[in-house]
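*Asks:* My structure is below; once you've seen it, I'll send some questions.
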Amino acid sequence: MTALDRLTIYSVLCFISFCALVLRSPTEPSFMPLLGMAATVVGIWLEMHRWPRASEEQEH
């Protein structure tokens, strides 16, 4: 799996978590969408910081 594939998966998961956060009922408190958003943002951040090194390694 390439870095772009992983970044795409993280982006889709972030979108799903955001939709779950926005579309949930206000009377039903749940931290799972917030945890999902936080996890995907951390995943995207890690991929973006690892991506330049991974592409340099593939060139050599």
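Labels used: A, B, ... for chains in the order of the structure tokens, numbers from 1 for residues in each chain, and numbers from 1 for ligands as shown.
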So which residues of chain A fall under alpha helix (DSSP H) by DSSP, listed as an MDAnalysis selection string?

*Replies:* chainID A and resid 3:23 32:59

*Asks:* Residues at most 12 Å from stretch 12-21 of chain A, counting only C-alpha atoms, excluding those fewer than 4 positions away in the same chain, as a PDB file with all heavy atoms, in the first residue's frame?

*Replies:*
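Writing done, so here's out-v3.pdb:
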ATOM      1  N   ASP A   5      -2.328   5.900  -0.889  1.00  0.00           N
ATOM      2  CA  ASP A   5      -3.458   5.028  -0.539  1.00  0.00           C
ATOM      3  C   ASP A   5      -3.831   5.179   0.928  1.00  0.00           C
ATOM      4  O   ASP A   5      -5.002   5.301   1.278  1.00  0.00           O
ATOM      5  CB  ASP A   5      -3.128   3.572  -0.831  1.00  0.00           C
ATOM      6  CG  ASP A   5      -2.972   3.284  -2.309  1.00  0.00           C
ATOM      7  OD1 ASP A   5      -3.507   4.067  -3.122  1.00  0.00           O
ATOM      8  OD2 ASP A   5      -2.311   2.279  -2.643  1.00  0.00           O
ATOM      9  N   ARG A   6      -2.828   5.157   1.803  1.00  0.00           N
ATOM     10  CA  ARG A   6      -3.085   5.308   3.235  1.00  0.00           C
ATOM     11  C   ARG A   6      -3.668   6.680   3.546  1.00  0.00           C
ATOM     12  O   ARG A   6      -4.581   6.808   4.364  1.00  0.00           O
ATOM     13  CB  ARG A   6      -1.812   5.071   4.032  1.00  0.00           C
ATOM     14  CG  ARG A   6      -1.366   3.626   4.030  1.00  0.00           C
ATOM     15  CD  ARG A   6      -0.235   3.376   4.986  1.00  0.00           C
ATOM     16  NE  ARG A   6       0.950   4.173   4.706  1.00  0.00           N
ATOM     17  CZ  ARG A   6       1.939   3.790   3.915  1.00  0.00           C
ATOM     18  NH1 ARG A   6       1.890   2.618   3.312  1.00  0.00           N
ATOM     19  NH2 ARG A   6       2.981   4.576   3.718  1.00  0.00           N
ATOM     20  N   LEU A   7      -3.172   7.711   2.888  1.00  0.00           N
ATOM     21  CA  LEU A   7      -3.696   9.062   3.092  1.00  0.00           C
ATOM     22  C   LEU A   7      -5.147   9.153   2.646  1.00  0.00           C
ATOM     23  O   LEU A   7      -5.977   9.789   3.305  1.00  0.00           O
ATOM     24  CB  LEU A   7      -2.830  10.060   2.324  1.00  0.00           C
ATOM     25  CG  LEU A   7      -3.030  11.525   2.627  1.00  0.00           C
ATOM     26  CD1 LEU A   7      -2.746  11.804   4.098  1.00  0.00           C
ATOM     27  CD2 LEU A   7      -2.137  12.365   1.762  1.00  0.00           C
ATOM     28  N   THR A   8      -5.492   8.497   1.555  1.00  0.00           N
ATOM     29  CA  THR A   8      -6.873   8.474   1.077  1.00  0.00           C
ATOM     30  C   THR A   8      -7.783   7.761   2.070  1.00  0.00           C
ATOM     31  O   THR A   8      -8.886   8.229   2.367  1.00  0.00           O
ATOM     32  CB  THR A   8      -6.947   7.782  -0.299  1.00  0.00           C
ATOM     33  OG1 THR A   8      -6.084   8.465  -1.203  1.00  0.00           O
ATOM     34  CG2 THR A   8      -8.359   7.783  -0.837  1.00  0.00           C
ATOM     35  N   SER A  25     -27.725  12.713  17.170  1.00  0.00           N
ATOM     36  CA  SER A  25     -28.737  13.493  17.874  1.00  0.00           C
ATOM     37  C   SER A  25     -28.103  14.184  19.080  1.00  0.00           C
ATOM     38  O   SER A  25     -27.225  13.626  19.735  1.00  0.00           O
ATOM     39  CB  SER A  25     -29.899  12.603  18.319  1.00  0.00           C
ATOM     40  OG  SER A  25     -29.472  11.740  19.341  1.00  0.00           O
ATOM     41  N   PRO A  26     -28.537  15.394  19.391  1.00  0.00           N
ATOM     42  CA  PRO A  26     -27.940  16.128  20.513  1.00  0.00           C
ATOM     43  C   PRO A  26     -28.227  15.487  21.874  1.00  0.00           C
ATOM     44  O   PRO A  26     -27.520  15.732  22.833  1.00  0.00           O
ATOM     45  CB  PRO A  26     -28.570  17.508  20.442  1.00  0.00           C
ATOM     46  CG  PRO A  26     -29.436  17.540  19.259  1.00  0.00           C
ATOM     47  CD  PRO A  26     -29.493  16.178  18.661  1.00  0.00           C
ATOM     48  N   GLU A  28     -28.036  12.332  22.488  1.00  0.00           N
ATOM     49  CA  GLU A  28     -27.231  11.109  22.617  1.00  0.00           C
ATOM     50  C   GLU A  28     -25.746  11.472  22.631  1.00  0.00           C
ATOM     51  O   GLU A  28     -25.102  11.544  21.587  1.00  0.00           O
ATOM     52  CB  GLU A  28     -27.526  10.179  21.443  1.00  0.00           C
ATOM     53  CG  GLU A  28     -26.801   8.874  21.490  1.00  0.00           C
ATOM     54  CD  GLU A  28     -27.091   8.072  20.243  1.00  0.00           C
ATOM     55  OE1 GLU A  28     -28.243   8.070  19.783  1.00  0.00           O
ATOM     56  OE2 GLU A  28     -26.147   7.451  19.741  1.00  0.00           O
ATOM     57  N   PRO A  29     -25.176  11.722  23.821  1.00  0.00           N
ATOM     58  CA  PRO A  29     -23.760  12.107  23.857  1.00  0.00           C
ATOM     59  C   PRO A  29     -22.856  10.906  23.586  1.00  0.00           C
ATOM     60  O   PRO A  29     -23.050   9.822  24.127  1.00  0.00           O
ATOM     61  CB  PRO A  29     -23.570  12.620  25.283  1.00  0.00           C
ATOM     62  CG  PRO A  29     -24.622  11.934  26.079  1.00  0.00           C
ATOM     63  CD  PRO A  29     -25.780  11.698  25.139  1.00  0.00           C
ATOM     64  N   SER A  30     -21.893  11.103  22.709  1.00  0.00           N
ATOM     65  CA  SER A  30     -20.951  10.046  22.383  1.00  0.00           C
ATOM     66  C   SER A  30     -19.617  10.679  21.992  1.00  0.00           C
ATOM     67  O   SER A  30     -19.583  11.638  21.217  1.00  0.00           O
ATOM     68  CB  SER A  30     -21.476   9.200  21.234  1.00  0.00           C
ATOM     69  OG  SER A  30     -20.508   8.254  20.860  1.00  0.00           O
ATOM     70  N   PHE A  31     -18.551  10.127  22.539  1.00  0.00           N
ATOM     71  CA  PHE A  31     -17.220  10.633  22.219  1.00  0.00           C
ATOM     72  C   PHE A  31     -16.551   9.856  21.100  1.00  0.00           C
ATOM     73  O   PHE A  31     -15.453  10.201  20.687  1.00  0.00           O
ATOM     74  CB  PHE A  31     -16.331  10.600  23.468  1.00  0.00           C
ATOM     75  CG  PHE A  31     -16.727  11.615  24.499  1.00  0.00           C
ATOM     76  CD1 PHE A  31     -17.297  11.214  25.685  1.00  0.00           C
ATOM     77  CD2 PHE A  31     -16.545  12.963  24.265  1.00  0.00           C
ATOM     78  CE1 PHE A  31     -17.674  12.144  26.634  1.00  0.00           C
ATOM     79  CE2 PHE A  31     -16.913  13.901  25.195  1.00  0.00           C
ATOM     80  CZ  PHE A  31     -17.485  13.499  26.392  1.00  0.00           C
ATOM     81  N   MET A  32     -17.203   8.819  20.596  1.00  0.00           N
ATOM     82  CA  MET A  32     -16.592   8.015  19.537  1.00  0.00           C
ATOM     83  C   MET A  32     -16.318   8.815  18.258  1.00  0.00           C
ATOM     84  O   MET A  32     -15.234   8.677  17.683  1.00  0.00           O
ATOM     85  CB  MET A  32     -17.446   6.786  19.236  1.00  0.00           C
ATOM     86  CG  MET A  32     -17.385   5.729  20.326  1.00  0.00           C
ATOM     87  SD  MET A  32     -15.697   5.202  20.686  1.00  0.00           S
ATOM     88  CE  MET A  32     -15.365   4.223  19.254  1.00  0.00           C
ATOM     89  N   PRO A  33     -17.247   9.656  17.786  1.00  0.00           N
ATOM     90  CA  PRO A  33     -16.905  10.454  16.596  1.00  0.00           C
ATOM     91  C   PRO A  33     -15.725  11.394  16.845  1.00  0.00           C
ATOM     92  O   PRO A  33     -14.886  11.585  15.968  1.00  0.00           O
ATOM     93  CB  PRO A  33     -18.179  11.238  16.298  1.00  0.00           C
ATOM     94  CG  PRO A  33     -19.268  10.433  16.894  1.00  0.00           C
ATOM     95  CD  PRO A  33     -18.662   9.808  18.117  1.00  0.00           C
ATOM     96  N   LEU A  34     -15.640  11.949  18.046  1.00  0.00           N
ATOM     97  CA  LEU A  34     -14.508  12.823  18.361  1.00  0.00           C
ATOM     98  C   LEU A  34     -13.206  12.036  18.400  1.00  0.00           C
ATOM     99  O   LEU A  34     -12.172  12.514  17.907  1.00  0.00           O
ATOM    100  CB  LEU A  34     -14.734  13.516  19.703  1.00  0.00           C
ATOM    101  CG  LEU A  34     -15.805  14.601  19.720  1.00  0.00           C
ATOM    102  CD1 LEU A  34     -16.013  15.120  21.138  1.00  0.00           C
ATOM    103  CD2 LEU A  34     -15.426  15.728  18.795  1.00  0.00           C
ATOM    104  N   LEU A  35     -13.253  10.850  18.975  1.00  0.00           N
ATOM    105  CA  LEU A  35     -12.063   9.999  18.991  1.00  0.00           C
ATOM    106  C   LEU A  35     -11.661   9.587  17.574  1.00  0.00           C
ATOM    107  O   LEU A  35     -10.475   9.537  17.240  1.00  0.00           O
ATOM    108  CB  LEU A  35     -12.303   8.762  19.847  1.00  0.00           C
ATOM    109  CG  LEU A  35     -12.395   8.996  21.354  1.00  0.00           C
ATOM    110  CD1 LEU A  35     -12.799   7.718  22.069  1.00  0.00           C
ATOM    111  CD2 LEU A  35     -11.085   9.514  21.877  1.00  0.00           C
ATOM    112  N   GLY A  36     -12.655   9.305  16.739  1.00  0.00           N
ATOM    113  CA  GLY A  36     -12.374   8.964  15.349  1.00  0.00           C
ATOM    114  C   GLY A  36     -11.733  10.109  14.590  1.00  0.00           C
ATOM    115  O   GLY A  36     -10.779   9.916  13.831  1.00  0.00           O
ATOM    116  N   MET A  37     -12.250  11.318  14.817  1.00  0.00           N
ATOM    117  CA  MET A  37     -11.671  12.501  14.174  1.00  0.00           C
ATOM    118  C   MET A  37     -10.236  12.714  14.635  1.00  0.00           C
ATOM    119  O   MET A  37      -9.344  12.971  13.826  1.00  0.00           O
ATOM    120  CB  MET A  37     -12.501  13.750  14.500  1.00  0.00           C
ATOM    121  CG  MET A  37     -13.824  13.841  13.794  1.00  0.00           C
ATOM    122  SD  MET A  37     -13.679  14.338  12.089  1.00  0.00           S
ATOM    123  CE  MET A  37     -13.132  16.009  12.280  1.00  0.00           C
ATOM    124  N   ALA A  38     -10.009  12.601  15.938  1.00  0.00           N
ATOM    125  CA  ALA A  38      -8.661  12.803  16.472  1.00  0.00           C
ATOM    126  C   ALA A  38      -7.690  11.757  15.923  1.00  0.00           C
ATOM    127  O   ALA A  38      -6.565  12.085  15.535  1.00  0.00           O
ATOM    128  CB  ALA A  38      -8.695  12.756  17.992  1.00  0.00           C
ATOM    129  N   ALA A  39      -8.121  10.511  15.868  1.00  0.00           N
ATOM    130  CA  ALA A  39      -7.252   9.438  15.372  1.00  0.00           C
ATOM    131  C   ALA A  39      -6.912   9.638  13.896  1.00  0.00           C
ATOM    132  O   ALA A  39      -5.757   9.436  13.484  1.00  0.00           O
ATOM    133  CB  ALA A  39      -7.919   8.087  15.583  1.00  0.00           C
ATOM    134  N   THR A  40      -7.884  10.033  13.105  1.00  0.00           N
ATOM    135  CA  THR A  40      -7.603  10.212  11.674  1.00  0.00           C
ATOM    136  C   THR A  40      -6.747  11.441  11.424  1.00  0.00           C
ATOM    137  O   THR A  40      -5.893  11.417  10.534  1.00  0.00           O
ATOM    138  CB  THR A  40      -8.903  10.301  10.856  1.00  0.00           C
ATOM    139  OG1 THR A  40      -9.726  11.329  11.380  1.00  0.00           O
ATOM    140  CG2 THR A  40      -9.652   8.990  10.877  1.00  0.00           C
ATOM    141  N   VAL A  41      -6.935  12.499  12.206  1.00  0.00           N
ATOM    142  CA  VAL A  41      -6.090  13.688  12.047  1.00  0.00           C
ATOM    143  C   VAL A  41      -4.645  13.343  12.402  1.00  0.00           C
ATOM    144  O   VAL A  41      -3.712  13.755  11.702  1.00  0.00           O
ATOM    145  CB  VAL A  41      -6.633  14.860  12.894  1.00  0.00           C
ATOM    146  CG1 VAL A  41      -5.628  15.980  13.004  1.00  0.00           C
ATOM    147  CG2 VAL A  41      -7.925  15.386  12.299  1.00  0.00           C
ATOM    148  N   VAL A  42      -4.450  12.580  13.467  1.00  0.00           N
ATOM    149  CA  VAL A  42      -3.095  12.147  13.833  1.00  0.00           C
ATOM    150  C   VAL A  42      -2.516  11.255  12.732  1.00  0.00           C
ATOM    151  O   VAL A  42      -1.346  11.396  12.353  1.00  0.00           O
ATOM    152  CB  VAL A  42      -3.113  11.417  15.196  1.00  0.00           C
ATOM    153  CG1 VAL A  42      -1.800  10.709  15.459  1.00  0.00           C
ATOM    154  CG2 VAL A  42      -3.409  12.407  16.310  1.00  0.00           C
ATOM    155  N   GLY A  43      -3.321  10.358  12.187  1.00  0.00           N
ATOM    156  CA  GLY A  43      -2.857   9.495  11.099  1.00  0.00           C
ATOM    157  C   GLY A  43      -2.465  10.284   9.859  1.00  0.00           C
ATOM    158  O   GLY A  43      -1.434  10.014   9.239  1.00  0.00           O
ATOM    159  N   ILE A  44      -3.274  11.267   9.508  1.00  0.00           N
ATOM    160  CA  ILE A  44      -2.951  12.113   8.351  1.00  0.00           C
ATOM    161  C   ILE A  44      -1.671  12.892   8.617  1.00  0.00           C
ATOM    162  O   ILE A  44      -0.803  13.005   7.745  1.00  0.00           O
ATOM    163  CB  ILE A  44      -4.134  13.049   8.021  1.00  0.00           C
ATOM    164  CG1 ILE A  44      -5.297  12.231   7.464  1.00  0.00           C
ATOM    165  CG2 ILE A  44      -3.717  14.134   7.039  1.00  0.00           C
ATOM    166  CD1 ILE A  44      -6.585  13.024   7.297  1.00  0.00           C
TER     167      ILE A  44
END

*Asks:* Which neighbours of A:Leu4 fall inside 10 Å, counting only C-alpha atoms, when residues of the same chain fewer than 4 positions from it are skipped, and could you give them as a PyMOL selection string?

*Replies:* chain A and resi 8-10+47-48+51

*Asks:* Deliver the residues from the most recent selection as a file, using all heavy atoms, as a JSON list (two decimals), in the first residue's frame.

*Replies:*
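Once everything was written out, this is again-v6.json:
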[["chain", "number", "residue", "atom", "x", "y", "z"],
["A", 8, "THR", "N", -5.49, 8.50, 1.55],
["A", 8, "THR", "CA", -6.87, 8.47, 1.08],
["A", 8, "THR", "C", -7.78, 7.76, 2.07],
["A", 8, "THR", "O", -8.89, 8.23, 2.37],
["A", 8, "THR", "CB", -6.95, 7.78, -0.30],
["A", 8, "THR", "OG1", -6.08, 8.46, -1.20],
["A", 8, "THR", "CG2", -8.36, 7.78, -0.84],
["A", 9, "ILE", "N", -7.33, 6.65, 2.62],
["A", 9, "ILE", "CA", -8.13, 5.92, 3.61],
["A", 9, "ILE", "C", -8.34, 6.77, 4.85],
["A", 9, "ILE", "O", -9.46, 6.84, 5.37],
["A", 9, "ILE", "CB", -7.45, 4.58, 3.94],
["A", 9, "ILE", "CG1", -7.53, 3.65, 2.74],
["A", 9, "ILE", "CG2", -8.08, 3.94, 5.17],
["A", 9, "ILE", "CD1", -6.68, 2.41, 2.86],
["A", 10, "TYR", "N", -7.29, 7.43, 5.33],
["A", 10, "TYR", "CA", -7.44, 8.30, 6.50],
["A", 10, "TYR", "C", -8.42, 9.44, 6.21],
["A", 10, "TYR", "O", -9.22, 9.82, 7.07],
["A", 10, "TYR", "CB", -6.10, 8.90, 6.92],
["A", 10, "TYR", "CG", -5.23, 7.97, 7.70],
["A", 10, "TYR", "CD1", -3.92, 7.72, 7.31],
["A", 10, "TYR", "CD2", -5.69, 7.35, 8.86],
["A", 10, "TYR", "CE1", -3.10, 6.87, 8.04],
["A", 10, "TYR", "CE2", -4.89, 6.50, 9.59],
["A", 10, "TYR", "CZ", -3.60, 6.27, 9.18],
["A", 10, "TYR", "OH", -2.80, 5.43, 9.89],
["A", 47, "GLU", "N", 1.31, 10.56, 8.28],
["A", 47, "GLU", "CA", 1.56, 10.21, 6.87],
["A", 47, "GLU", "C", 2.20, 11.38, 6.13],
["A", 47, "GLU", "O", 3.09, 11.19, 5.31],
["A", 47, "GLU", "CB", 0.27, 9.80, 6.17],
["A", 47, "GLU", "CG", -0.15, 8.39, 6.47],
["A", 47, "GLU", "CD", 0.84, 7.35, 6.01],
["A", 47, "GLU", "OE1", 1.48, 7.51, 4.96],
["A", 47, "GLU", "OE2", 1.00, 6.37, 6.75],
["A", 48, "MET", "N", 1.73, 12.59, 6.39],
["A", 48, "MET", "CA", 2.28, 13.75, 5.69],
["A", 48, "MET", "C", 3.73, 14.00, 6.08],
["A", 48, "MET", "O", 4.52, 14.46, 5.26],
["A", 48, "MET", "CB", 1.43, 14.99, 5.96],
["A", 48, "MET", "CG", 0.05, 14.93, 5.34],
["A", 48, "MET", "SD", 0.06, 14.64, 3.56],
["A", 48, "MET", "CE", 0.74, 16.16, 2.98],
["A", 51, "TRP", "N", 5.78, 11.02, 4.45],
["A", 51, "TRP", "CA", 5.66, 10.91, 3.00],
["A", 51, "TRP", "C", 6.92, 11.38, 2.26],
["A", 51, "TRP", "O", 7.40, 10.67, 1.37],
["A", 51, "TRP", "CB", 4.44, 11.66, 2.52],
["A", 51, "TRP", "CG", 3.97, 11.27, 1.15],
["A", 51, "TRP", "CD1", 4.59, 10.44, 0.28],
["A", 51, "TRP", "CD2", 2.77, 11.68, 0.52],
["A", 51, "TRP", "NE1", 3.85, 10.32, -0.87],
["A", 51, "TRP", "CE2", 2.74, 11.07, -0.74],
["A", 51, "TRP", "CE3", 1.74, 12.51, 0.89],
["A", 51, "TRP", "CZ2", 1.70, 11.28, -1.64],
["A", 51, "TRP", "CZ3", 0.70, 12.71, 0.00],
["A", 51, "TRP", "CH2", 0.68, 12.10, -1.24]]
